[in-house]
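coords-v5.txt (compact mmCIF, C-alpha atoms (C1' of nucleotides))
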# COMPACT_ATOMS: atom_id res chain seq x y z
CA MET A 209 -25.48 27.81 5.68
CA PRO A 210 -26.83 27.29 2.17
CA VAL A 211 -30.20 25.58 1.74
CA PRO A 212 -29.57 21.88 1.08
CA LEU A 213 -31.17 20.25 -1.96
CA THR A 214 -32.70 16.81 -2.24
CA ILE A 215 -31.57 14.60 -5.07
CA GLY A 216 -34.82 15.33 -6.88
CA GLU A 217 -34.20 19.06 -6.76
CA VAL A 218 -30.66 18.63 -7.99
CA ALA A 219 -32.03 16.50 -10.81
CA ARG A 220 -34.57 19.14 -11.78
CA GLN A 221 -32.07 21.97 -11.70
CA SER A 222 -29.30 20.11 -13.48
CA GLY A 223 -31.44 18.37 -16.02
CA LEU A 224 -30.00 15.01 -15.01
CA ARG A 225 -31.95 12.05 -13.71
CA ALA A 226 -31.64 11.18 -10.05
CA SER A 227 -30.42 7.75 -11.08
CA ALA A 228 -27.53 9.35 -12.97
CA ILE A 229 -26.54 11.37 -9.92
CA ARG A 230 -26.54 8.25 -7.74
CA PHE A 231 -24.55 6.48 -10.43
CA TYR A 232 -21.94 9.25 -10.48
CA GLU A 233 -21.64 9.02 -6.73
CA LYS A 234 -21.25 5.26 -6.81
CA THR A 235 -18.48 5.49 -9.40
CA GLY A 236 -16.62 8.14 -7.44
CA LEU A 237 -17.34 11.08 -9.74
CA LEU A 238 -19.22 12.91 -7.03
CA PRO A 239 -18.49 13.18 -3.31
CA LYS A 240 -20.90 11.55 -0.89
CA PRO A 241 -23.27 14.21 0.35
CA ALA A 242 -24.70 14.70 3.84
CA ARG A 243 -27.81 12.74 4.77
CA ALA A 244 -31.05 13.60 6.55
CA ALA A 245 -33.08 10.58 7.61
CA GLY A 246 -31.15 8.48 5.13
CA GLN A 247 -31.73 10.87 2.24
CA ARG A 248 -29.03 12.77 0.39
CA ARG A 249 -28.84 16.52 1.04
CA TYR A 250 -26.73 18.50 -1.40
CA ASP A 251 -24.99 21.81 -1.07
CA PRO A 252 -26.14 23.90 -4.07
CA ALA A 253 -22.48 24.02 -5.14
CA ILE A 254 -23.09 20.52 -6.47
CA LEU A 255 -24.74 22.22 -9.43
CA ASP A 256 -21.48 23.90 -10.38
CA ARG A 257 -19.68 20.63 -10.09
CA LEU A 258 -22.25 18.93 -12.28
CA ALA A 259 -21.91 21.73 -14.82
CA VAL A 260 -18.19 21.05 -15.07
CA LEU A 261 -18.97 17.37 -15.48
CA GLU A 262 -21.48 18.13 -18.24
CA PHE A 263 -18.90 20.30 -19.91
CA ALA A 264 -16.42 17.44 -19.85
CA LYS A 265 -18.96 14.99 -21.22
CA GLN A 266 -19.91 17.34 -24.02
CA CYS A 267 -16.25 17.72 -24.88
CA GLY A 268 -16.13 14.00 -25.46
CA PHE A 269 -14.40 12.97 -22.27
CA THR A 270 -15.39 9.60 -20.86
CA LEU A 271 -16.47 9.47 -17.25
CA ASP A 272 -13.11 7.96 -16.45
CA GLU A 273 -11.33 10.93 -17.98
CA ALA A 274 -13.67 13.27 -16.16
CA ARG A 275 -12.79 11.56 -12.90
CA HIS A 276 -9.13 12.26 -13.53
CA LEU A 277 -10.03 15.84 -14.30
CA PHE A 278 -11.44 16.09 -10.79
CA GLU A 279 -9.03 13.87 -8.89
CA ASP A 280 -5.62 14.55 -10.31
CA PHE A 281 -5.44 18.14 -9.07
CA PRO A 282 -5.56 20.03 -5.79
CA GLY A 283 -9.10 20.60 -4.58
CA ASP A 284 -10.14 23.84 -6.16
CA ALA A 285 -7.80 24.40 -9.08
CA PRO A 286 -9.71 25.93 -11.98
CA LEU A 287 -10.04 24.30 -15.38
CA SER A 288 -7.19 26.40 -16.74
CA GLN A 289 -4.89 24.38 -14.49
CA ARG A 290 -6.54 21.01 -15.02
CA LEU A 291 -7.16 21.02 -18.70
CA PRO A 292 -3.87 21.55 -20.56
CA GLY A 293 -2.52 18.01 -20.54
CA ILE A 294 -5.71 16.17 -21.22
CA ALA A 295 -7.20 18.73 -23.57
CA ALA A 296 -4.20 18.68 -25.87
CA LYS A 297 -4.72 14.97 -26.46
CA LYS A 298 -8.42 15.47 -26.93
CA ILE A 299 -7.85 18.18 -29.51
CA VAL A 300 -5.63 15.83 -31.47
CA GLN A 301 -8.42 13.27 -31.36
CA LEU A 302 -10.95 15.86 -32.46
CA ASP A 303 -8.80 16.95 -35.36
CA ALA A 304 -8.37 13.34 -36.42
CA LEU A 305 -12.11 12.86 -36.21
CA ALA A 306 -12.76 15.95 -38.29
CA ALA A 307 -10.34 14.67 -40.91
CA ARG A 308 -12.11 11.32 -40.94
CA ILE A 309 -15.44 13.02 -41.40
CA ALA A 310 -14.14 14.92 -44.40
CA ALA A 311 -12.75 11.71 -45.84
CA ILE A 312 -16.04 9.91 -45.31
CA LYS A 313 -17.96 12.65 -47.08
CA GLU A 314 -15.62 12.32 -50.00
CA ARG A 315 -16.02 8.55 -50.09
CA LEU A 316 -19.79 8.85 -49.94
CA ALA A 317 -19.82 11.35 -52.78
CA ARG A 318 -17.60 9.13 -54.87
CA ALA A 319 -19.74 6.07 -54.20
CA GLN A 320 -22.91 7.91 -55.07
CA ALA A 321 -21.40 8.80 -58.40
CA CYS A 322 -19.90 5.39 -59.14
CA GLN A 323 -20.16 3.92 -62.60
CA CYS A 324 -20.18 0.31 -61.49
CA ALA A 325 -22.45 -2.11 -63.30
CA ASP A 326 -23.35 -3.98 -60.11
CA LEU A 327 -22.74 -4.15 -56.38
CA GLN A 328 -19.94 -6.66 -56.70
CA GLU A 329 -18.02 -4.27 -58.88
CA CYS A 330 -18.45 -1.60 -56.20
CA GLY A 331 -16.89 -4.05 -53.77
CA ARG A 332 -13.98 -4.76 -56.09
CA GLN A 333 -13.25 -1.07 -56.49
CA ILE A 334 -13.42 -0.46 -52.76
CA ARG A 335 -10.98 -3.30 -52.26
CA ARG A 336 -8.68 -2.01 -54.90
CA ARG A 337 -8.58 1.43 -53.35
CA ALA A 338 -8.02 -0.04 -49.90
CA ALA A 339 -5.12 -2.12 -51.19
CA ASP A 340 -3.64 0.89 -52.99
CA SER A 341 -3.74 3.23 -50.05
CA SER A 342 -2.49 0.77 -47.43
CA GLY A 343 -0.09 -1.38 -49.42
CA SER A 344 2.59 0.90 -50.86
CA LYS A 345 2.69 4.57 -50.08
CA SER A 346 2.80 6.70 -53.22
CA ALA A 347 5.93 5.53 -55.05
CA PRO A 348 6.86 1.83 -55.28
CA ARG A 349 10.33 1.44 -56.77
CA MET B 1077 -16.53 -22.84 -60.54
CA PRO B 1078 -14.49 -20.52 -58.31
CA VAL B 1079 -12.40 -22.03 -55.55
CA PRO B 1080 -14.44 -21.92 -52.33
CA LEU B 1081 -12.92 -20.36 -49.24
CA THR B 1082 -13.19 -21.51 -45.64
CA ILE B 1083 -14.24 -19.00 -43.04
CA GLY B 1084 -10.64 -18.79 -41.86
CA GLU B 1085 -9.45 -17.84 -45.32
CA VAL B 1086 -12.16 -15.24 -45.69
CA ALA B 1087 -11.13 -13.87 -42.31
CA ARG B 1088 -7.50 -13.62 -43.33
CA GLN B 1089 -8.23 -11.98 -46.63
CA SER B 1090 -10.82 -9.56 -45.30
CA GLY B 1091 -9.07 -8.69 -42.06
CA LEU B 1092 -12.16 -9.61 -40.06
CA ARG B 1093 -12.37 -12.25 -37.37
CA ALA B 1094 -14.20 -15.45 -38.15
CA SER B 1095 -16.51 -14.72 -35.23
CA ALA B 1096 -17.52 -11.45 -36.86
CA ILE B 1097 -18.36 -13.18 -40.11
CA ARG B 1098 -20.53 -15.72 -38.28
CA PHE B 1099 -22.14 -12.87 -36.39
CA TYR B 1100 -22.95 -11.05 -39.63
CA GLU B 1101 -24.53 -14.20 -40.99
CA LYS B 1102 -26.60 -14.73 -37.88
CA THR B 1103 -27.92 -11.19 -38.01
CA GLY B 1104 -28.83 -11.48 -41.68
CA LEU B 1105 -26.11 -9.22 -43.05
CA LEU B 1106 -24.56 -12.03 -45.03
CA PRO B 1107 -26.24 -14.87 -46.92
CA LYS B 1108 -25.80 -18.40 -45.64
CA PRO B 1109 -23.00 -19.99 -47.62
CA ALA B 1110 -22.75 -23.57 -48.87
CA ARG B 1111 -21.38 -26.19 -46.50
CA ALA B 1112 -18.92 -29.02 -46.81
CA ALA B 1113 -18.99 -31.50 -43.94
CA GLY B 1114 -20.75 -28.89 -41.83
CA GLN B 1115 -18.22 -26.15 -42.58
CA ARG B 1116 -18.97 -22.94 -44.44
CA ARG B 1117 -17.59 -22.66 -47.97
CA TYR B 1118 -17.59 -19.18 -49.45
CA ASP B 1119 -17.54 -17.99 -53.01
CA PRO B 1120 -14.65 -15.49 -53.24
CA ALA B 1121 -17.24 -12.87 -54.19
CA ILE B 1122 -17.98 -12.71 -50.47
CA LEU B 1123 -14.85 -10.57 -50.22
CA ASP B 1124 -16.41 -7.90 -52.41
CA ARG B 1125 -19.55 -8.02 -50.33
CA LEU B 1126 -17.55 -7.64 -47.15
CA ALA B 1127 -15.69 -4.72 -48.70
CA VAL B 1128 -18.98 -2.94 -49.30
CA LEU B 1129 -19.96 -3.70 -45.71
CA GLU B 1130 -16.66 -2.31 -44.45
CA PHE B 1131 -17.20 0.78 -46.54
CA ALA B 1132 -20.62 1.26 -44.98
CA LYS B 1133 -19.25 0.78 -41.48
CA GLN B 1134 -16.45 3.24 -42.08
CA CYS B 1135 -19.00 5.73 -43.35
CA GLY B 1136 -20.67 5.52 -39.97
CA PHE B 1137 -23.61 3.34 -40.91
CA THR B 1138 -24.85 0.99 -38.24
CA LEU B 1139 -25.17 -2.67 -39.12
CA ASP B 1140 -28.90 -2.14 -39.31
CA GLU B 1141 -28.47 0.61 -41.86
CA ALA B 1142 -26.04 -1.57 -43.76
CA ARG B 1143 -28.61 -4.33 -43.84
CA HIS B 1144 -31.08 -1.96 -45.47
CA LEU B 1145 -28.41 -0.95 -47.93
CA PHE B 1146 -28.25 -4.59 -49.01
CA GLU B 1147 -31.87 -5.59 -48.66
CA ASP B 1148 -33.90 -2.67 -49.90
CA PHE B 1149 -32.76 -2.92 -53.48
CA PRO B 1150 -32.85 -5.43 -56.32
CA GLY B 1151 -30.04 -7.99 -56.10
CA ASP B 1152 -27.14 -6.42 -57.90
CA ALA B 1153 -27.86 -2.70 -58.04
CA PRO B 1154 -24.62 -0.74 -57.59
CA LEU B 1155 -24.04 1.71 -54.77
CA SER B 1156 -24.95 4.62 -57.01
CA GLN B 1157 -28.52 3.32 -56.94
CA ARG B 1158 -28.59 2.31 -53.28
CA LEU B 1159 -26.88 5.22 -51.68
CA PRO B 1160 -28.71 8.46 -52.53
CA GLY B 1161 -31.52 8.32 -49.99
CA ILE B 1162 -29.56 7.08 -47.03
CA ALA B 1163 -26.36 8.95 -47.82
CA ALA B 1164 -28.08 12.31 -47.88
CA LYS B 1165 -29.22 11.81 -44.29
CA LYS B 1166 -25.81 10.59 -43.28
CA ILE B 1167 -24.14 13.64 -44.78
CA VAL B 1168 -26.42 15.89 -42.75
CA GLN B 1169 -25.39 13.94 -39.66
CA LEU B 1170 -21.74 14.24 -40.59
CA ASP B 1171 -22.03 17.99 -41.10
CA ALA B 1172 -23.72 18.31 -37.73
CA LEU B 1173 -20.96 16.28 -36.14
CA ALA B 1174 -18.29 18.42 -37.76
CA ALA B 1175 -19.99 21.54 -36.43
CA ARG B 1176 -20.11 20.00 -32.95
CA ILE B 1177 -16.43 19.20 -33.14
CA ALA B 1178 -15.60 22.79 -34.02
CA ALA B 1179 -17.76 23.99 -31.14
CA ILE B 1180 -16.06 21.62 -28.73
CA LYS B 1181 -12.63 22.80 -29.77
CA GLU B 1182 -13.71 26.35 -29.11
CA ARG B 1183 -15.08 25.46 -25.69
CA LEU B 1184 -11.90 23.63 -24.80
CA ALA B 1185 -9.77 26.56 -25.85
CA ARG B 1186 -11.91 28.93 -23.83
CA ALA B 1187 -11.78 26.72 -20.76
CA GLN B 1188 -8.02 26.37 -20.98
CA ALA B 1189 -7.72 30.12 -20.96
CA CYS B 1190 -10.25 30.74 -18.21
CA GLN B 1191 -9.49 33.31 -15.50
CA CYS B 1192 -11.54 31.59 -12.79
CA ALA B 1193 -10.17 31.56 -9.26
CA ASP B 1194 -11.36 28.04 -8.62
CA LEU B 1195 -13.24 25.10 -10.10
CA GLN B 1196 -16.56 26.18 -8.71
CA GLU B 1197 -16.32 29.43 -10.56
CA CYS B 1198 -15.64 27.49 -13.75
CA GLY B 1199 -18.88 25.62 -13.09
CA ARG B 1200 -20.78 28.85 -12.51
CA GLN B 1201 -19.57 30.30 -15.77
CA ILE B 1202 -20.43 27.16 -17.68
CA ARG B 1203 -23.91 27.28 -16.20
CA ARG B 1204 -24.30 30.93 -17.03
CA ARG B 1205 -23.33 30.35 -20.63
CA ALA B 1206 -25.64 27.36 -20.89
CA ALA B 1207 -28.53 29.42 -19.50
CA ASP B 1208 -27.73 32.29 -21.86
CA SER B 1209 -27.62 30.22 -25.00
CA SER B 1210 -30.68 28.10 -24.28
CA GLY B 1211 -32.94 30.46 -22.38
CA SER B 1212 -33.55 33.51 -24.57
CA LYS B 1213 -32.17 33.62 -28.07
CA SER B 1214 -30.10 36.76 -28.63
CA ALA B 1215 -32.57 39.64 -28.00
CA PRO B 1216 -35.09 39.56 -25.15
CA ARG B 1217 -37.55 42.41 -25.53
C1' DC C 87 -54.60 5.96 10.56
C1' DT C 88 -53.75 5.89 5.97
C1' DA C 89 -52.32 7.43 1.60
C1' DC C 90 -48.84 9.32 -1.00
C1' DA C 91 -44.81 11.53 -2.87
C1' DG C 92 -40.47 11.10 -2.67
C1' DG C 93 -36.37 8.92 -1.06
C1' DT C 94 -33.25 4.33 -0.27
C1' DT C 95 -30.72 -0.14 -1.88
C1' DG C 96 -28.52 -3.81 -4.85
C1' DA C 97 -29.11 -6.29 -8.86
C1' DA C 98 -30.27 -6.80 -13.30
C1' DG C 99 -31.33 -4.85 -17.93
C1' DT C 100 -30.21 -1.82 -22.23
C1' DG C 101 -27.95 -1.41 -27.01
C1' DA C 102 -24.24 -1.89 -30.34
C1' DA C 103 -21.06 -4.88 -32.25
C1' DC C 104 -18.77 -8.17 -31.44
C1' DT C 105 -15.66 -11.71 -28.61
C1' DT C 106 -15.03 -15.45 -25.63
C1' DT C 107 -15.98 -19.87 -23.82
C1' DA C 108 -17.22 -24.61 -23.58
C1' DA C 109 -18.03 -28.59 -25.64
C1' DG C 110 -18.13 -30.99 -29.68
C1' DT C 111 -17.15 -32.52 -35.00
C1' DC C 112 -14.15 -33.56 -38.77
C1' DA C 113 -10.33 -34.60 -42.07
C1' DA C 114 -5.61 -35.13 -42.59
C1' DG C 115 -0.96 -36.37 -41.00
C1' DT C 116 2.18 -39.57 -38.36
C1' DA D 694 -4.99 -45.12 -33.33
C1' DC D 695 -4.02 -40.73 -32.10
C1' DT D 696 -3.01 -35.93 -32.44
C1' DT D 697 -3.52 -31.54 -34.49
C1' DG D 698 -5.77 -27.64 -36.35
C1' DA D 699 -9.60 -25.71 -38.15
C1' DC D 700 -14.09 -25.71 -37.94
C1' DT D 701 -19.13 -26.07 -35.52
C1' DT D 702 -22.83 -24.38 -31.95
C1' DA D 703 -25.35 -21.76 -28.26
C1' DA D 704 -24.78 -18.98 -24.57
C1' DA D 705 -22.62 -15.83 -21.91
C1' DG D 706 -19.34 -11.95 -21.47
C1' DT D 707 -17.45 -7.18 -22.84
C1' DT D 708 -17.66 -1.84 -22.67
C1' DC D 709 -20.01 2.53 -21.66
C1' DA D 710 -23.19 5.22 -19.36
C1' DC D 711 -26.78 4.77 -17.48
C1' DT D 712 -31.94 3.08 -16.48
C1' DT D 713 -35.18 0.04 -14.56
C1' DC D 714 -36.84 -2.96 -11.12
C1' DA D 715 -38.37 -4.74 -6.75
C1' DA D 716 -38.73 -4.11 -2.21
C1' DC D 717 -38.38 -1.13 1.33
C1' DC D 718 -38.39 3.35 4.38
C1' DT D 719 -39.88 8.15 5.82
C1' DG D 720 -42.08 12.56 6.49
C1' DT D 721 -46.25 15.10 5.60
C1' DA D 722 -51.32 15.88 4.45
C1' DG D 723 -55.91 14.77 5.17
Go ahead and render the structure in this file as structure tokens.
Amino acid sequence: MPVPLTIGEVARQSGLRASAIRFYEKTGLLPKPARAAGQRRYDPAILDRLAVLEFAKQCGFTLDEARHLFEDFPGDAPLSQRLPGIAAKKIVQLDALAARIAAIKERLARAQACQCADLQECGRQIRRRAADSSGSKSAPR
Amino acid sequence: MPVPLTIGEVARQSGLRASAIRFYEKTGLLPKPARAAGQRRYDPAILDRLAVLEFAKQCGFTLDEARHLFEDFPGDAPLSQRLPGIAAKKIVQLDALAARIAAIKERLARAQACQCADLQECGRQIRRRAADSSGSKSAPR
DNA sequence: CTACAGGTTGAAGTGAACTTTAAGTCAAGT
DNA sequence: ACTTGACTTAAAGTTCACTTCAACCTGTAG
């Protein structure tokens, strides 16, 4: 029988706040632990579970997505079995985000080097470019 | 005298909702326009201003940052004069974000290919790696 | 016995960027 | 006169991931 942890000890060891742990439990991300005199007592394995949750959060999953990561699979399936479907979508999103970042850097560089006489002209040029790129794609006949 | 636009027309032409335009005005991002019978009447130049605002938003500036972009400089200075200070910081942020994205993709790929027997082992390995990379950097003596 | 550290709860608050709602005004068309 | 559509306002609601609050309970130390 592993030594049970109080919520405060789990918080210390995981780096989370106790309030976050309670919140995760309330929203179904964590199972309800045993109680001693009304207080939560956690199996140390909770720390592994929280690590997986942190991993998911750091990968940009919402808590809702993380819940699916836990719920939609048989009890102890490893990440290699859980991840494929959801991770593929996430990677597409990440690639899109990376592309956007590159585009933003380009736009910032351009704007910094603009030759406009005043701010209104900057606005006009931005509008012109927006109209160009959304209106007709490359070759109007 | 340019033809004044109602808020609805500005909304149509800018792609924003009227509520957003009112919100921007309330929070000081847009000047208070003239009124006719209580209704806002905009100089079409507002569209250029909104374009600059959209540009700033798309570059990842918060509305607060955008406000500074407008306020901290003499009336009509072009972006080339407004941008340098704030854009440099933003580019650093963007580079950091791009690096994080790359790191996330790597972590996702790793996790998809993990050899763990069960989810708890995944958690253990994540914890081990986290401890490794934060605890001692590269070479403990 | 009392103080105290830590735990418990539900409800409300946070911040960003808006949207929605309710109730009202106004000018033009029929 | 009446209806319609677009506008006006302040206030409250939305989403996400929590935190903070107020009021309470419990085991241990002195």
Superposed chain B (on chain A, all in-order C-alpha pairs) as a compact mmCIF listing (two decimals) with C-alpha atoms, in the frame of the given file:
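Below is the file that was written, result.txt:
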# COMPACT_ATOMS: atom_id res chain seq x y z
CA MET B 1077 -25.69 27.73 5.61
CA PRO B 1078 -27.03 27.25 2.08
CA VAL B 1079 -30.36 25.53 1.62
CA PRO B 1080 -29.71 21.83 0.95
CA LEU B 1081 -31.25 20.21 -2.10
CA THR B 1082 -32.76 16.75 -2.41
CA ILE B 1083 -31.59 14.55 -5.23
CA GLY B 1084 -34.84 15.25 -7.06
CA GLU B 1085 -34.23 18.98 -6.93
CA VAL B 1086 -30.68 18.58 -8.13
CA ALA B 1087 -32.01 16.44 -10.96
CA ARG B 1088 -34.53 19.06 -11.98
CA GLN B 1089 -32.08 21.90 -11.87
CA SER B 1090 -29.27 20.06 -13.61
CA GLY B 1091 -31.38 18.27 -16.19
CA LEU B 1092 -29.93 14.91 -15.16
CA ARG B 1093 -31.87 11.95 -13.86
CA ALA B 1094 -31.60 11.10 -10.20
CA SER B 1095 -30.33 7.67 -11.20
CA ALA B 1096 -27.44 9.28 -13.05
CA ILE B 1097 -26.48 11.33 -10.02
CA ARG B 1098 -26.48 8.21 -7.83
CA PHE B 1099 -24.46 6.43 -10.48
CA TYR B 1100 -21.88 9.22 -10.52
CA GLU B 1101 -21.59 9.00 -6.76
CA LYS B 1102 -21.17 5.25 -6.83
CA THR B 1103 -18.40 5.49 -9.39
CA GLY B 1104 -16.57 8.16 -7.42
CA LEU B 1105 -17.30 11.08 -9.73
CA LEU B 1106 -19.22 12.91 -7.06
CA PRO B 1107 -18.53 13.16 -3.32
CA LYS B 1108 -20.96 11.53 -0.93
CA PRO B 1109 -23.34 14.20 0.29
CA ALA B 1110 -24.79 14.65 3.77
CA ARG B 1111 -27.92 12.70 4.65
CA ALA B 1112 -31.15 13.52 6.40
CA ALA B 1113 -33.20 10.50 7.44
CA GLY B 1114 -31.24 8.41 4.96
CA GLN B 1115 -31.80 10.80 2.05
CA ARG B 1116 -29.07 12.73 0.26
CA ARG B 1117 -28.91 16.46 0.93
CA TYR B 1118 -26.80 18.46 -1.49
CA ASP B 1119 -25.11 21.80 -1.15
CA PRO B 1120 -26.25 23.86 -4.16
CA ALA B 1121 -22.59 24.02 -5.20
CA ILE B 1122 -23.14 20.51 -6.53
CA LEU B 1123 -24.80 22.20 -9.50
CA ASP B 1124 -21.55 23.92 -10.44
CA ARG B 1125 -19.72 20.64 -10.10
CA LEU B 1126 -22.24 18.92 -12.32
CA ALA B 1127 -21.90 21.73 -14.85
CA VAL B 1128 -18.17 21.08 -15.06
CA LEU B 1129 -18.91 17.38 -15.48
CA GLU B 1130 -21.39 18.12 -18.25
CA PHE B 1131 -18.82 20.32 -19.92
CA ALA B 1132 -16.30 17.48 -19.81
CA LYS B 1133 -18.81 15.01 -21.21
CA GLN B 1134 -19.77 17.34 -24.02
CA CYS B 1135 -16.10 17.77 -24.83
CA GLY B 1136 -15.95 14.04 -25.41
CA PHE B 1137 -14.23 13.03 -22.19
CA THR B 1138 -15.19 9.66 -20.80
CA LEU B 1139 -16.33 9.50 -17.20
CA ASP B 1140 -12.96 8.04 -16.35
CA GLU B 1141 -11.19 11.01 -17.87
CA ALA B 1142 -13.57 13.32 -16.06
CA ARG B 1143 -12.71 11.62 -12.81
CA HIS B 1144 -9.05 12.36 -13.40
CA LEU B 1145 -9.95 15.93 -14.20
CA PHE B 1146 -11.42 16.17 -10.70
CA GLU B 1147 -9.02 13.98 -8.78
CA ASP B 1148 -5.59 14.71 -10.14
CA PHE B 1149 -5.46 18.27 -8.91
CA PRO B 1150 -5.61 20.15 -5.62
CA GLY B 1151 -9.18 20.73 -4.43
CA ASP B 1152 -10.23 23.96 -6.04
CA ALA B 1153 -7.87 24.52 -8.95
CA PRO B 1154 -9.77 26.05 -11.88
CA LEU B 1155 -10.04 24.41 -15.28
CA SER B 1156 -7.20 26.52 -16.61
CA GLN B 1157 -4.89 24.52 -14.34
CA ARG B 1158 -6.52 21.13 -14.87
CA LEU B 1159 -7.10 21.16 -18.56
CA PRO B 1160 -3.81 21.72 -20.41
CA GLY B 1161 -2.41 18.20 -20.35
CA ILE B 1162 -5.58 16.30 -21.08
CA ALA B 1163 -7.08 18.86 -23.44
CA ALA B 1164 -4.08 18.82 -25.74
CA LYS B 1165 -4.57 15.09 -26.32
CA LYS B 1166 -8.27 15.56 -26.79
CA ILE B 1167 -7.73 18.26 -29.38
CA VAL B 1168 -5.49 15.92 -31.35
CA GLN B 1169 -8.26 13.34 -31.21
CA LEU B 1170 -10.81 15.90 -32.32
CA ASP B 1171 -8.66 16.99 -35.25
CA ALA B 1172 -8.24 13.37 -36.27
CA LEU B 1173 -11.98 12.86 -36.06
CA ALA B 1174 -12.64 15.94 -38.15
CA ALA B 1175 -10.24 14.66 -40.79
CA ARG B 1176 -12.01 11.29 -40.77
CA ILE B 1177 -15.34 13.00 -41.23
CA ALA B 1178 -14.06 14.89 -44.25
CA ALA B 1179 -12.69 11.66 -45.69
CA ILE B 1180 -15.98 9.88 -45.14
CA LYS B 1181 -17.91 12.62 -46.89
CA GLU B 1182 -15.59 12.29 -49.84
CA ARG B 1183 -16.01 8.53 -49.95
CA LEU B 1184 -19.77 8.86 -49.77
CA ALA B 1185 -19.81 11.37 -52.59
CA ARG B 1186 -17.62 9.13 -54.70
CA ALA B 1187 -19.77 6.09 -54.03
CA GLN B 1188 -22.95 7.95 -54.89
CA ALA B 1189 -21.46 8.86 -58.22
CA CYS B 1190 -20.01 5.45 -58.99
CA GLN B 1191 -20.34 4.01 -62.50
CA CYS B 1192 -20.35 0.36 -61.40
CA ALA B 1193 -22.66 -2.04 -63.19
CA ASP B 1194 -23.53 -3.88 -60.02
CA LEU B 1195 -22.86 -4.10 -56.29
CA GLN B 1196 -20.09 -6.61 -56.66
CA GLU B 1197 -18.17 -4.23 -58.82
CA CYS B 1198 -18.57 -1.58 -56.14
CA GLY B 1199 -16.99 -4.04 -53.72
CA ARG B 1200 -14.13 -4.75 -56.10
CA GLN B 1201 -13.36 -1.08 -56.48
CA ILE B 1202 -13.48 -0.50 -52.75
CA ARG B 1203 -11.06 -3.36 -52.28
CA ARG B 1204 -8.77 -2.07 -54.97
CA ARG B 1205 -8.64 1.36 -53.40
CA ALA B 1206 -8.05 -0.12 -49.96
CA ALA B 1207 -5.18 -2.23 -51.32
CA ASP B 1208 -3.72 0.78 -53.14
CA SER B 1209 -3.73 3.09 -50.17
CA SER B 1210 -2.44 0.61 -47.62
CA GLY B 1211 -0.12 -1.58 -49.64
CA SER B 1212 2.52 0.65 -51.22
CA LYS B 1213 2.60 4.33 -50.41
CA SER B 1214 2.55 6.43 -53.58
CA ALA B 1215 5.70 5.34 -55.48
CA PRO B 1216 6.79 1.70 -55.69
CA ARG B 1217 10.26 1.48 -57.18
Taking 5 positions as the minimum chain separation for residues in the same chain, which residues sit within 8 Å of region 1117-1123 of chain B when counting only C-alpha atoms (C1' of nucleotides)? Answer as a VMD selection string. (chain A and resid 328 331) or (chain B and resid 1078 to 1083 1086 1089 to 1090 1109 to 1112)
Proximal residues of chain D relative to chain A (only C-alpha atoms (C1' of nucleotides); 8 Å) as a list in words: DC711, DT712 and DT719 of chain D
Emit the selected residues as a PDB file, in the frame of the given file, including C-alpha atoms (C1' of nucleotides).
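out-v6.pdb, freshly written:
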ATOM      1  C1'  DC D 711     -26.780   4.770 -17.480  1.00  0.00           C
ATOM      2  C1'  DT D 712     -31.940   3.080 -16.480  1.00  0.00           C
ATOM      3  C1'  DT D 719     -39.880   8.150   5.820  1.00  0.00           C
TER       4       DT D 719
END
Which one of C:DT116, C:DT106, C:DT100, C:DT94 sits closest to chain B if you count all atoms listed in the file?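 Selected residue with least distance to chain B: C:DT106.
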Could you tell me which of C:DT111, C:DG101, C:DC87, C:DG92 comes closest to chain B if we count only C-alpha atoms (C1' of nucleotides)?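 When distances to chain B are compared using only C-alpha atoms (C1' of nucleotides), the smallest one comes from C:DT111.
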